[in-house]
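Undergrad: Sending over a structure as structure tokens; questions will come in a sec.
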Amino acid sequence: MADLEIDLGGSLGSVPGILLRPPDAWLLYVLAHGAGAGMRHRFMDAIAEALAARGIATLRYEFSYMAGGARRPDPPPVLQATVRAAVAKAARLAPDLPIVAGGKSLGGRMTSGAQAREPLPGVHALVFLGFPLHPPKQPGVSRAEHLAGVHVPMLFLQGTRDELADLELVTGVCRDLGPRATLHVVDGANHAFEVLKRSGRTNEEVREELVRTIEEWCRALTAALGVT
């Protein structure tokens, strides 16, 4: 694991990042954090470690507001510029690895926003760990409108109890996106991918389901693209 700095260019300064590359790495996932918890949150740590065990390297990074201790996220243009800088850093650090990008909640949505505005160089696909389709108790799909402008494959991992993504609405969004979108439903999981005790499963088992799904989907994708 290596700590690093990502230069955002101009007056935006830089943000910290973490590269975790296992010896048998075959893929690099540029992994952004959610709105309320940074790159070192226990969920982010656990996912990165579990992916590394499957040969998937990760580049995590902090958005500027989080690095500065603020609670309110930066405006989307700043967040998307950070995504773009992180992807460019990933390509320089691991030119031998195919790249996918995305992340948890807000981080995933900002990644798709950047991709829709202008394709992220070298990014073969997007992987969303809980796409935040709408605010709690305010169902809607306006946050997904930009996905029509994303022309790379997308994997949506969504919990059935996700308060930020009504499952019926997410299913409809993915259906409208056609073959570009794959939806994997995690039974009983909320937006944090936590399950109730009465579900008979543990949060660790849910994380294992997440990383197994990411690995299988990305292996099939890279094989189809001929970039393995």
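Following the order of the structure tokens, chains are lettered A, B, ..., residues in each are numbered from 1, and ligands are numbered from 1.
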Near Glu205 in chain A, within 12 Å and counting only C-alpha atoms, which residues show up once chain neighbours fewer than 5 positions away are dropped, as a PyMOL selection string?
TA: chain A and resi 46-47+50+186-189+193-195+199-200+210-212
Undergrad: In range 52-157 of chain A, what's strand (DSSP E) per DSSP? Answer as an mmCIF file with N, CA, C and O atoms, in the first residue's frame?
TA:
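Result saved to selection_19.cif:
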```cif
data_model
loop_
_atom_site.group_PDB
_atom_site.id
_atom_site.type_symbol
_atom_site.label_atom_id
_atom_site.label_comp_id
_atom_site.auth_asym_id
_atom_site.auth_seq_id
_atom_site.Cartn_x
_atom_site.Cartn_y
_atom_site.Cartn_z
ATOM 1 N N ILE A 56 -7.272 -7.499 -7.828
ATOM 2 C CA ILE A 56 -7.739 -6.205 -8.325
ATOM 3 C C ILE A 56 -7.089 -5.097 -7.508
ATOM 4 O O ILE A 56 -7.335 -4.973 -6.303
ATOM 5 N N ALA A 57 -6.260 -4.297 -8.161
ATOM 6 C CA ALA A 57 -5.646 -3.143 -7.507
ATOM 7 C C ALA A 57 -6.679 -2.022 -7.387
ATOM 8 O O ALA A 57 -7.629 -1.947 -8.173
ATOM 9 N N THR A 58 -6.488 -1.151 -6.401
ATOM 10 C CA THR A 58 -7.374 -0.002 -6.240
ATOM 11 C C THR A 58 -6.556 1.266 -6.050
ATOM 12 O O THR A 58 -5.514 1.253 -5.397
ATOM 13 N N LEU A 59 -7.044 2.334 -6.626
ATOM 14 C CA LEU A 59 -6.539 3.673 -6.330
ATOM 15 C C LEU A 59 -7.690 4.431 -5.678
ATOM 16 O O LEU A 59 -8.655 4.793 -6.347
ATOM 17 N N ARG A 60 -7.586 4.612 -4.373
ATOM 18 C CA ARG A 60 -8.556 5.428 -3.650
ATOM 19 C C ARG A 60 -8.038 6.861 -3.575
ATOM 20 O O ARG A 60 -6.830 7.087 -3.607
ATOM 21 N N TYR A 61 -8.932 7.805 -3.443
ATOM 22 C CA TYR A 61 -8.513 9.199 -3.330
ATOM 23 C C TYR A 61 -9.562 9.988 -2.563
ATOM 24 O O TYR A 61 -10.725 9.595 -2.469
ATOM 25 N N ILE A 99 -8.152 -0.331 -16.753
ATOM 26 C CA ILE A 99 -8.737 0.495 -15.702
ATOM 27 C C ILE A 99 -10.255 0.494 -15.782
ATOM 28 O O ILE A 99 -10.838 0.641 -16.859
ATOM 29 N N VAL A 100 -10.891 0.339 -14.615
ATOM 30 C CA VAL A 100 -12.306 0.648 -14.444
ATOM 31 C C VAL A 100 -12.379 1.728 -13.368
ATOM 32 O O VAL A 100 -11.444 1.901 -12.585
ATOM 33 N N ALA A 101 -13.476 2.465 -13.332
ATOM 34 C CA ALA A 101 -13.597 3.562 -12.379
ATOM 35 C C ALA A 101 -15.006 3.579 -11.809
ATOM 36 O O ALA A 101 -15.921 2.936 -12.321
ATOM 37 N N GLY A 102 -15.172 4.330 -10.745
ATOM 38 C CA GLY A 102 -16.476 4.439 -10.095
ATOM 39 C C GLY A 102 -16.294 4.633 -8.606
ATOM 40 O O GLY A 102 -15.399 5.347 -8.169
ATOM 41 N N GLY A 103 -17.140 3.978 -7.827
ATOM 42 C CA GLY A 103 -16.985 4.102 -6.390
ATOM 43 C C GLY A 103 -18.286 4.032 -5.634
ATOM 44 O O GLY A 103 -19.326 3.622 -6.159
ATOM 45 N N LYS A 104 -18.192 4.477 -4.387
ATOM 46 C CA LYS A 104 -19.315 4.411 -3.457
ATOM 47 C C LYS A 104 -20.178 5.647 -3.601
ATOM 48 O O LYS A 104 -19.687 6.774 -3.523
ATOM 49 N N VAL A 123 -10.458 4.372 -19.476
ATOM 50 C CA VAL A 123 -11.426 3.711 -18.603
ATOM 51 C C VAL A 123 -12.343 2.826 -19.442
ATOM 52 O O VAL A 123 -13.051 3.308 -20.327
ATOM 53 N N HIS A 124 -12.338 1.528 -19.146
ATOM 54 C CA HIS A 124 -13.106 0.565 -19.935
ATOM 55 C C HIS A 124 -14.535 0.372 -19.432
ATOM 56 O O HIS A 124 -15.388 -0.113 -20.190
ATOM 57 N N ALA A 125 -14.796 0.710 -18.151
ATOM 58 C CA ALA A 125 -16.120 0.462 -17.579
ATOM 59 C C ALA A 125 -16.259 1.234 -16.275
ATOM 60 O O ALA A 125 -15.262 1.702 -15.695
ATOM 61 N N LEU A 126 -17.501 1.338 -15.802
ATOM 62 C CA LEU A 126 -17.790 1.978 -14.521
ATOM 63 C C LEU A 126 -18.437 0.964 -13.585
ATOM 64 O O LEU A 126 -19.275 0.163 -14.009
ATOM 65 N N VAL A 127 -18.038 1.012 -12.315
ATOM 66 C CA VAL A 127 -18.587 0.115 -11.294
ATOM 67 C C VAL A 127 -19.110 0.967 -10.151
ATOM 68 O O VAL A 127 -18.350 1.711 -9.521
ATOM 69 N N PHE A 128 -20.432 0.857 -9.887
ATOM 70 C CA PHE A 128 -21.083 1.665 -8.857
ATOM 71 C C PHE A 128 -21.399 0.822 -7.621
ATOM 72 O O PHE A 128 -22.137 -0.162 -7.706
ATOM 73 N N LEU A 129 -20.883 1.234 -6.486
ATOM 74 C CA LEU A 129 -21.221 0.611 -5.209
ATOM 75 C C LEU A 129 -22.333 1.427 -4.564
ATOM 76 O O LEU A 129 -22.102 2.301 -3.728
ATOM 77 N N MET A 154 -21.498 -0.548 -17.595
ATOM 78 C CA MET A 154 -21.690 -0.110 -16.211
ATOM 79 C C MET A 154 -22.239 -1.254 -15.369
ATOM 80 O O MET A 154 -23.177 -1.939 -15.779
ATOM 81 N N LEU A 155 -21.659 -1.438 -14.192
ATOM 82 C CA LEU A 155 -22.138 -2.424 -13.230
ATOM 83 C C LEU A 155 -22.717 -1.690 -12.032
ATOM 84 O O LEU A 155 -22.021 -0.918 -11.370
ATOM 85 N N PHE A 156 -23.990 -1.935 -11.755
ATOM 86 C CA PHE A 156 -24.676 -1.341 -10.611
ATOM 87 C C PHE A 156 -24.844 -2.406 -9.535
ATOM 88 O O PHE A 156 -25.499 -3.426 -9.762
ATOM 89 N N LEU A 157 -24.267 -2.173 -8.368
ATOM 90 C CA LEU A 157 -24.460 -3.052 -7.216
ATOM 91 C C LEU A 157 -25.368 -2.310 -6.243
ATOM 92 O O LEU A 157 -24.985 -1.267 -5.686
#
```
Undergrad: Name the residues in contact with Asp24 in chain A at a cut-off of 12 Å, using only C-alpha atoms, excluding same-chain residues fewer than 4 positions from it; report them as a VMD selection string.
TA: chain A and resid 20 28 51 to 57 97
Undergrad: Quick one: write out the picked residues with all heavy atoms as a PDB file, in the first residue's frame?
TA:
```pdb
ATOM      1  N   LEU A  20      -3.279   0.501  -3.699  1.00  0.00           N
ATOM      2  CA  LEU A  20      -3.087  -0.860  -3.177  1.00  0.00           C
ATOM      3  C   LEU A  20      -3.013  -1.783  -4.383  1.00  0.00           C
ATOM      4  O   LEU A  20      -4.017  -2.036  -5.055  1.00  0.00           O
ATOM      5  CB  LEU A  20      -4.239  -1.253  -2.255  1.00  0.00           C
ATOM      6  CG  LEU A  20      -4.192  -2.676  -1.682  1.00  0.00           C
ATOM      7  CD1 LEU A  20      -2.907  -2.910  -0.900  1.00  0.00           C
ATOM      8  CD2 LEU A  20      -5.407  -2.933  -0.793  1.00  0.00           C
ATOM      9  N   LEU A  28      -7.108  -2.464 -12.438  1.00  0.00           N
ATOM     10  CA  LEU A  28      -7.046  -1.354 -11.484  1.00  0.00           C
ATOM     11  C   LEU A  28      -8.401  -0.658 -11.440  1.00  0.00           C
ATOM     12  O   LEU A  28      -8.924  -0.240 -12.479  1.00  0.00           O
ATOM     13  CB  LEU A  28      -5.957  -0.360 -11.891  1.00  0.00           C
ATOM     14  CG  LEU A  28      -5.831   0.912 -11.045  1.00  0.00           C
ATOM     15  CD1 LEU A  28      -5.618   0.592  -9.574  1.00  0.00           C
ATOM     16  CD2 LEU A  28      -4.694   1.791 -11.570  1.00  0.00           C
ATOM     17  N   LEU A  51     -10.739  -6.821  -2.618  1.00  0.00           N
ATOM     18  CA  LEU A  51     -10.451  -6.803  -4.052  1.00  0.00           C
ATOM     19  C   LEU A  51      -9.001  -7.199  -4.319  1.00  0.00           C
ATOM     20  O   LEU A  51      -8.713  -7.937  -5.270  1.00  0.00           O
ATOM     21  CB  LEU A  51     -10.732  -5.416  -4.625  1.00  0.00           C
ATOM     22  CG  LEU A  51     -12.213  -5.029  -4.747  1.00  0.00           C
ATOM     23  CD1 LEU A  51     -12.351  -3.540  -5.053  1.00  0.00           C
ATOM     24  CD2 LEU A  51     -12.915  -5.849  -5.822  1.00  0.00           C
ATOM     25  N   ALA A  52      -8.094  -6.721  -3.475  1.00  0.00           N
ATOM     26  CA  ALA A  52      -6.681  -7.071  -3.645  1.00  0.00           C
ATOM     27  C   ALA A  52      -6.475  -8.568  -3.546  1.00  0.00           C
ATOM     28  O   ALA A  52      -5.634  -9.141  -4.259  1.00  0.00           O
ATOM     29  CB  ALA A  52      -5.841  -6.341  -2.603  1.00  0.00           C
ATOM     30  N   ALA A  53      -7.245  -9.218  -2.678  1.00  0.00           N
ATOM     31  CA  ALA A  53      -7.134 -10.673  -2.538  1.00  0.00           C
ATOM     32  C   ALA A  53      -7.553 -11.389  -3.810  1.00  0.00           C
ATOM     33  O   ALA A  53      -7.212 -12.561  -4.006  1.00  0.00           O
ATOM     34  CB  ALA A  53      -7.979 -11.148  -1.355  1.00  0.00           C
ATOM     35  N   ARG A  54      -8.279 -10.705  -4.683  1.00  0.00           N
ATOM     36  CA  ARG A  54      -8.719 -11.270  -5.962  1.00  0.00           C
ATOM     37  C   ARG A  54      -7.928 -10.700  -7.142  1.00  0.00           C
ATOM     38  O   ARG A  54      -8.336 -10.837  -8.294  1.00  0.00           O
ATOM     39  CB  ARG A  54     -10.221 -11.025  -6.144  1.00  0.00           C
ATOM     40  CG  ARG A  54     -11.074 -11.819  -5.154  1.00  0.00           C
ATOM     41  CD  ARG A  54     -12.548 -11.466  -5.262  1.00  0.00           C
ATOM     42  NE  ARG A  54     -13.369 -12.324  -4.398  1.00  0.00           N
ATOM     43  CZ  ARG A  54     -13.919 -13.461  -4.768  1.00  0.00           C
ATOM     44  NH1 ARG A  54     -13.773 -13.890  -6.012  1.00  0.00           N
ATOM     45  NH2 ARG A  54     -14.637 -14.179  -3.925  1.00  0.00           N
ATOM     46  N   GLY A  55      -6.819 -10.042  -6.856  1.00  0.00           N
ATOM     47  CA  GLY A  55      -5.958  -9.543  -7.907  1.00  0.00           C
ATOM     48  C   GLY A  55      -6.380  -8.216  -8.500  1.00  0.00           C
ATOM     49  O   GLY A  55      -5.887  -7.830  -9.566  1.00  0.00           O
ATOM     50  N   ILE A  56      -7.272  -7.499  -7.828  1.00  0.00           N
ATOM     51  CA  ILE A  56      -7.739  -6.205  -8.325  1.00  0.00           C
ATOM     52  C   ILE A  56      -7.089  -5.097  -7.508  1.00  0.00           C
ATOM     53  O   ILE A  56      -7.335  -4.973  -6.303  1.00  0.00           O
ATOM     54  CB  ILE A  56      -9.269  -6.091  -8.273  1.00  0.00           C
ATOM     55  CG1 ILE A  56      -9.913  -7.185  -9.136  1.00  0.00           C
ATOM     56  CG2 ILE A  56      -9.721  -4.705  -8.728  1.00  0.00           C
ATOM     57  CD1 ILE A  56     -11.430  -7.222  -9.054  1.00  0.00           C
ATOM     58  N   ALA A  57      -6.260  -4.297  -8.161  1.00  0.00           N
ATOM     59  CA  ALA A  57      -5.646  -3.143  -7.507  1.00  0.00           C
ATOM     60  C   ALA A  57      -6.679  -2.022  -7.387  1.00  0.00           C
ATOM     61  O   ALA A  57      -7.629  -1.947  -8.173  1.00  0.00           O
ATOM     62  CB  ALA A  57      -4.447  -2.666  -8.324  1.00  0.00           C
ATOM     63  N   LEU A  97      -2.029  -2.068 -16.596  1.00  0.00           N
ATOM     64  CA  LEU A  97      -3.303  -2.619 -16.128  1.00  0.00           C
ATOM     65  C   LEU A  97      -4.492  -1.935 -16.796  1.00  0.00           C
ATOM     66  O   LEU A  97      -4.518  -0.702 -16.914  1.00  0.00           O
ATOM     67  CB  LEU A  97      -3.440  -2.451 -14.613  1.00  0.00           C
ATOM     68  CG  LEU A  97      -2.431  -3.177 -13.721  1.00  0.00           C
ATOM     69  CD1 LEU A  97      -2.729  -2.890 -12.256  1.00  0.00           C
ATOM     70  CD2 LEU A  97      -2.443  -4.673 -13.989  1.00  0.00           C
TER      71      LEU A  97
END
```
Undergrad: Select, from A:Lys197, A:Arg40, A:Lys137, A:Arg117, the residue with the minimum atom-to-atom distance to Gln80 in chain A, counting only C-alpha atoms.
TA: A:Arg117
Undergrad: Using only C-alpha atoms, which residue out of A:Val83, A:Ala37, A:Met110, A:Leu27 lies closest to Glu216 in chain A?
TA: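 Answer, going by the shortest atom-to-atom distance: A:Leu27.
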Undergrad: Show me, as a list of chain:residue names, the residues that have an atom within 12 Å of Asp96 in chain A when counting only C-alpha atoms, minus same-chain residues fewer than 4 positions from it.
TA: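 Listing them by chain and then by number gives A:Ala25, A:Trp26, A:Leu27, A:Leu28, A:Ala57, A:Ala90, A:Ala91, A:Arg92, A:Gly122, A:Val227, A:Thr228.
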Undergrad: Just list the residues in range 8-57 of chain A DSSP gives alpha helix (DSSP H) on the backbone, as a list in words.
TA: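 Filtering range 8-57 of chain A down to alpha helix (DSSP H) leaves Arg42, Phe43, Met44, Asp45, Ala46, Ile47, Ala48, Glu49, Ala50, Leu51 and Ala52 of chain A.
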Undergrad: Could you save the residues just selected, with N, CA, C and O atoms, as a PDB file, in the first residue's frame?
TA:
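Result file is again.pdb:
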```
ATOM      1  N   ARG A  42     -13.926   2.435   7.035  1.00  0.00           N
ATOM      2  CA  ARG A  42     -13.762   0.979   7.178  1.00  0.00           C
ATOM      3  C   ARG A  42     -14.351   0.213   5.994  1.00  0.00           C
ATOM      4  O   ARG A  42     -13.828  -0.836   5.613  1.00  0.00           O
ATOM      5  N   PHE A  43     -15.423   0.711   5.405  1.00  0.00           N
ATOM      6  CA  PHE A  43     -15.982   0.033   4.233  1.00  0.00           C
ATOM      7  C   PHE A  43     -15.005   0.104   3.065  1.00  0.00           C
ATOM      8  O   PHE A  43     -14.762  -0.892   2.366  1.00  0.00           O
ATOM      9  N   MET A  44     -14.416   1.288   2.849  1.00  0.00           N
ATOM     10  CA  MET A  44     -13.464   1.452   1.758  1.00  0.00           C
ATOM     11  C   MET A  44     -12.229   0.591   1.988  1.00  0.00           C
ATOM     12  O   MET A  44     -11.720  -0.038   1.042  1.00  0.00           O
ATOM     13  N   ASP A  45     -11.747   0.560   3.213  1.00  0.00           N
ATOM     14  CA  ASP A  45     -10.597  -0.295   3.544  1.00  0.00           C
ATOM     15  C   ASP A  45     -10.907  -1.758   3.254  1.00  0.00           C
ATOM     16  O   ASP A  45     -10.109  -2.480   2.647  1.00  0.00           O
ATOM     17  N   ALA A  46     -12.081  -2.200   3.726  1.00  0.00           N
ATOM     18  CA  ALA A  46     -12.447  -3.608   3.589  1.00  0.00           C
ATOM     19  C   ALA A  46     -12.624  -4.006   2.135  1.00  0.00           C
ATOM     20  O   ALA A  46     -12.177  -5.081   1.705  1.00  0.00           O
ATOM     21  N   ILE A  47     -13.262  -3.152   1.355  1.00  0.00           N
ATOM     22  CA  ILE A  47     -13.466  -3.450  -0.064  1.00  0.00           C
ATOM     23  C   ILE A  47     -12.131  -3.503  -0.795  1.00  0.00           C
ATOM     24  O   ILE A  47     -11.873  -4.410  -1.613  1.00  0.00           O
ATOM     25  N   ALA A  48     -11.256  -2.552  -0.522  1.00  0.00           N
ATOM     26  CA  ALA A  48      -9.955  -2.529  -1.191  1.00  0.00           C
ATOM     27  C   ALA A  48      -9.141  -3.777  -0.858  1.00  0.00           C
ATOM     28  O   ALA A  48      -8.510  -4.376  -1.738  1.00  0.00           O
ATOM     29  N   GLU A  49      -9.149  -4.185   0.395  1.00  0.00           N
ATOM     30  CA  GLU A  49      -8.402  -5.376   0.799  1.00  0.00           C
ATOM     31  C   GLU A  49      -8.991  -6.630   0.157  1.00  0.00           C
ATOM     32  O   GLU A  49      -8.250  -7.514  -0.304  1.00  0.00           O
ATOM     33  N   ALA A  50     -10.312  -6.710   0.136  1.00  0.00           N
ATOM     34  CA  ALA A  50     -10.965  -7.888  -0.448  1.00  0.00           C
ATOM     35  C   ALA A  50     -10.730  -7.958  -1.956  1.00  0.00           C
ATOM     36  O   ALA A  50     -10.541  -9.041  -2.523  1.00  0.00           O
ATOM     37  N   LEU A  51     -10.739  -6.821  -2.618  1.00  0.00           N
ATOM     38  CA  LEU A  51     -10.451  -6.803  -4.052  1.00  0.00           C
ATOM     39  C   LEU A  51      -9.001  -7.199  -4.319  1.00  0.00           C
ATOM     40  O   LEU A  51      -8.713  -7.937  -5.270  1.00  0.00           O
ATOM     41  N   ALA A  52      -8.094  -6.721  -3.475  1.00  0.00           N
ATOM     42  CA  ALA A  52      -6.681  -7.071  -3.645  1.00  0.00           C
ATOM     43  C   ALA A  52      -6.475  -8.568  -3.546  1.00  0.00           C
ATOM     44  O   ALA A  52      -5.634  -9.141  -4.259  1.00  0.00           O
TER      45      ALA A  52
END
```
Undergrad: Taking into account only C-alpha atoms, which residue in the set A:Ala88, A:Glu208, A:Gly130, A:Pro136 is nearest to Val185 in chain A?
TA: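 Ranking A:Ala88, A:Glu208, A:Gly130, A:Pro136 by distance to Val185 in chain A, first place goes to A:Gly130.
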Undergrad: Choose the residue, out of A:Leu167, A:Leu183, A:Met39, A:Ile214, that has the smallest atom-to-atom separation from Gly107 in chain A; count only C-alpha atoms.
TA: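 Smallest separation from Gly107 in chain A among the options: A:Met39.
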Undergrad: When you look at Met1 in chain A with a cut-off of 7 Å (counting only C-alpha atoms), what residues show up, excluding the ones that are within fewer than 3 positions of it in the same chain? I need them as a PyMOL selection string.
TA: chain A and resi 18-21
